[in-house]
Amino acid sequence: MNIVHITSEVYPFSKTGGLADVLYSLPVAQRKMGNKVYVISPLYKNILKNFEDIKFSGRKTWVDTELGIYEFGIFTTVKEGVTFIFLSNLFLFERGGYYGKDGADYEDNFLIFGAFSKAALNLVKYFIGKTDIIHCHDWQAALVPAVGKTEFYDINAKYFFTIHNLAFQGIFDFDNVLKLKIDPWLCGLECLEFYGRANFLKAGIAMADFVTTVSPTYAKEVLRPEYGFGLDGFLNKHKGKFAGILNGLDYNVWNPATDKFIFDNYDEKNISGKFTNKAKLCNLYNLDERLPLFGFVSRFTEQKGIYLIIDALNETYFGANFIFLGDGDIFARSRLKLIENKPNIRIVYGYNETLSRKIYASSDFYLMPSRFEPCGISQLIAMRYGAVPVVRSTGGLVDTVVDVGSDNGHGIVFDNYTVSDLKNAINRAVNMYIEKKLEPLILKNMKKNYSWVKSAQEYVKLYEKVLNI
């Protein structure tokens, strides 16, 4: 089977979150199953500088819009049998941030990702050739099925669309979207139209041959108004072609036994390195290593529960240390000032791959009290590195973490998105640490298997089903 993934970011070349991890690990797993796999993504600023194995193919493609003709250079590299193709355009992709700057989206994101989607289809048609499945990811690539079925109807492929986070939909004024020279038919209620504006993600749902999201529980949640972000009714209309497939984790990329970024390597046969990692990180940040350490590596947003955490830590001293790595908007940073000077709390702003891995390897517990969580990869990484997850019962966290009060439990789970429930969960964790009940849970979590093998097989089965319709 020939599979093409289209995405706005892909690890290790570009990354703001879990989408990038998925778009490396899933294609690699599918390639190991014997499929021919391509990944198409933008060539952002500094990618060529950081990855010298990416080479110019000698070929270019063009996209015509009312705002001008945009030229894209085609760059390629191969990793683990997967061909990664990058589209370059100085004006569209070399701005610094991928989607915006200083907490605000670029006003012309409709052009950036609309033109990217058209250019990606040009690649499939003229550069790749025969393709069975075109698999698009999130709103940035959601226009692909719509444009593919109207403008590139001679591409004989089936279109899959995966929603990684329904909260981000790509909503723009029709006046701007029409400048992409798309078929006006797409602007109707059954495709782009969304309360008088154009919704890219809605178009992906409408025009794809099959739609998935990244966990079974989230697939059920988004059919309800409280999680549907205005699209629950439309998803219910299309639920006959909608399913949830749990994200996996690449256990070669995330492996404390071989991870070159952590202080000391360890595995489930000898976890002593887990404790030396904690000691060294605490020493680096002047924290008392005798106290339990809670880690948090994520965006500082309400979705991830950061305001719940701030309120809990501002009200209570838990006899524990907390280290945060991530970034957020001006409001999030201002709220974090309430706790950043406390002696048991450290906050590091920005994205830092090396430090993130050190935090996973050093933490006794991993905080993830999400308001909603499509799947979550952080809790999977944390478990792989022996940190006990402390999570709210939502989305993919339901599918991956079982409370220690149940048979085969290996984490701490709370139900309500309230400060009191989070404080109770943290206190449960601290008590477990004091009572020296942590080591069996470290081992239990490290032995959990959420590899991509099963998930990749589920995707391929769905591909085959759709191809045979």
# chains A, B, ... in the order shown; residues from 1 in each chain; ligands from 1
$ select_by_dssp --residues "region 89-291 of chain A" --states "strand (DSSP E or B)" --output "mmCIF file with C-alpha atoms, in the first residue's frame"
data_model
loop_
_atom_site.group_PDB
_atom_site.id
_atom_site.type_symbol
_atom_site.label_atom_id
_atom_site.label_comp_id
_atom_site.auth_asym_id
_atom_site.auth_seq_id
_atom_site.Cartn_x
_atom_site.Cartn_y
_atom_site.Cartn_z
ATOM 1 C CA GLY A 100 1.776 32.599 14.895
ATOM 2 C CA LYS A 101 3.898 34.923 16.984
ATOM 3 C CA ALA A 104 -1.372 35.422 18.256
ATOM 4 C CA ASP A 105 -2.098 33.428 15.095
ATOM 5 C CA ILE A 133 -4.238 6.628 0.918
ATOM 6 C CA ILE A 134 -3.794 10.363 1.519
ATOM 7 C CA HIS A 135 -3.928 10.800 5.301
ATOM 8 C CA CYS A 136 -4.320 14.428 6.455
ATOM 9 C CA HIS A 137 -3.822 15.672 9.999
ATOM 10 C CA LYS A 158 -8.922 7.611 -0.609
ATOM 11 C CA TYR A 159 -8.725 10.467 1.888
ATOM 12 C CA PHE A 160 -8.348 9.961 5.631
ATOM 13 C CA PHE A 161 -8.525 12.834 8.094
ATOM 14 C CA THR A 162 -7.389 12.668 11.726
ATOM 15 C CA ILE A 163 -8.489 15.208 14.340
ATOM 16 C CA ILE A 171 -11.739 29.385 11.008
ATOM 17 C CA PHE A 172 -11.407 32.275 8.534
ATOM 18 C CA GLU A 193 -19.637 27.081 6.145
ATOM 19 C CA PHE A 194 -19.632 27.549 9.926
ATOM 20 C CA ARG A 197 -17.253 31.795 8.217
ATOM 21 C CA ALA A 198 -15.106 29.101 6.630
ATOM 22 C CA ASN A 199 -14.005 26.219 8.876
ATOM 23 C CA PHE A 210 -12.999 8.349 6.803
ATOM 24 C CA VAL A 211 -12.363 10.464 9.901
ATOM 25 C CA THR A 212 -10.504 9.397 13.016
ATOM 26 C CA THR A 213 -9.486 10.934 16.278
ATOM 27 C CA PHE A 242 -15.811 8.229 12.384
ATOM 28 C CA ALA A 243 -13.734 6.248 14.916
ATOM 29 C CA GLY A 244 -11.121 6.685 17.626
ATOM 30 C CA LEU A 249 4.532 5.699 21.554
ATOM 31 C CA ASP A 267 15.592 0.085 32.617
ATOM 32 C CA ASN A 270 17.655 -1.887 37.310
#
$ residues_around --residues "Asn122 (chain A)" --least-positions-apart "4" --cutoff "9 Å" --atoms "only C-alpha atoms" --output "list in words"
Thr61, Trp62, Val63, Ser117, Lys118, Tyr126, Phe127 and Phe152 of chain A
$ closest_residue --among "A:Val214, A:Ile47, A:Leu90, A:Ile74" --to "Glu373 (chain A)" --atoms "only C-alpha atoms"
A:Val214
$ closest_residue --among "A:Gly396, A:Gly114, A:Pro184, A:Gly196" --to "Leu380 (chain A)" --atoms "only C-alpha atoms"
A:Gly396
$ residues_around --residues "region 69-72 of chain A" --least-positions-apart "3" --cutoff "9 Å" --atoms "only C-alpha atoms" --output "PyMOL selection string"
chain A and resi 59-66+87-92+115-116+119
$ write_last_selection --atoms "C-alpha atoms" --output "short mmCIF file (atom, residue, chain, number, x, y, z; two decimals), in the first residue's frame"
data_model
loop_
_atom_site.label_atom_id
_atom_site.label_comp_id
_atom_site.auth_asym_id
_atom_site.auth_seq_id
_atom_site.Cartn_x
_atom_site.Cartn_y
_atom_site.Cartn_z
CA ARG A 59 12.29 20.10 -8.50
CA LYS A 60 9.70 22.76 -7.69
CA THR A 61 5.93 23.14 -7.75
CA TRP A 62 3.60 26.14 -7.89
CA VAL A 63 0.24 27.15 -6.48
CA ASP A 64 -1.96 29.80 -8.08
CA THR A 65 -4.05 32.08 -5.85
CA GLU A 66 -5.65 35.51 -6.20
CA LEU A 87 7.95 22.16 0.83
CA SER A 88 9.93 25.39 1.02
CA ASN A 89 8.66 28.94 0.57
CA LEU A 90 10.49 31.84 2.19
CA PHE A 91 7.41 34.03 2.57
CA LEU A 92 5.07 31.39 4.00
CA ALA A 115 -1.41 26.99 -0.32
CA PHE A 116 0.50 24.22 1.49
CA ALA A 119 1.14 22.19 -3.06
#
$ closest_residue --among "A:Leu26, A:Ile54, A:Ala120, A:Ile412" --to "Phe13 (chain A)" --atoms "only C-alpha atoms"
A:Ile54
$ residues_around --residues "Ala20 (chain A)" --least-positions-apart "5" --cutoff "6 Å" --atoms "only C-alpha atoms" --output "PyMOL selection string"
chain A and resi 9-11+15
$ write_last_selection --atoms "C-alpha atoms" --output "mmCIF file, in the first residue's frame"
data_model
loop_
_atom_site.group_PDB
_atom_site.id
_atom_site.type_symbol
_atom_site.label_atom_id
_atom_site.label_comp_id
_atom_site.auth_asym_id
_atom_site.auth_seq_id
_atom_site.Cartn_x
_atom_site.Cartn_y
_atom_site.Cartn_z
ATOM 1 C CA GLU A 9 4.816 19.443 11.741
ATOM 2 C CA VAL A 10 6.840 16.272 12.172
ATOM 3 C CA TYR A 11 9.403 15.183 14.750
ATOM 4 C CA LYS A 15 7.510 20.255 16.736
#
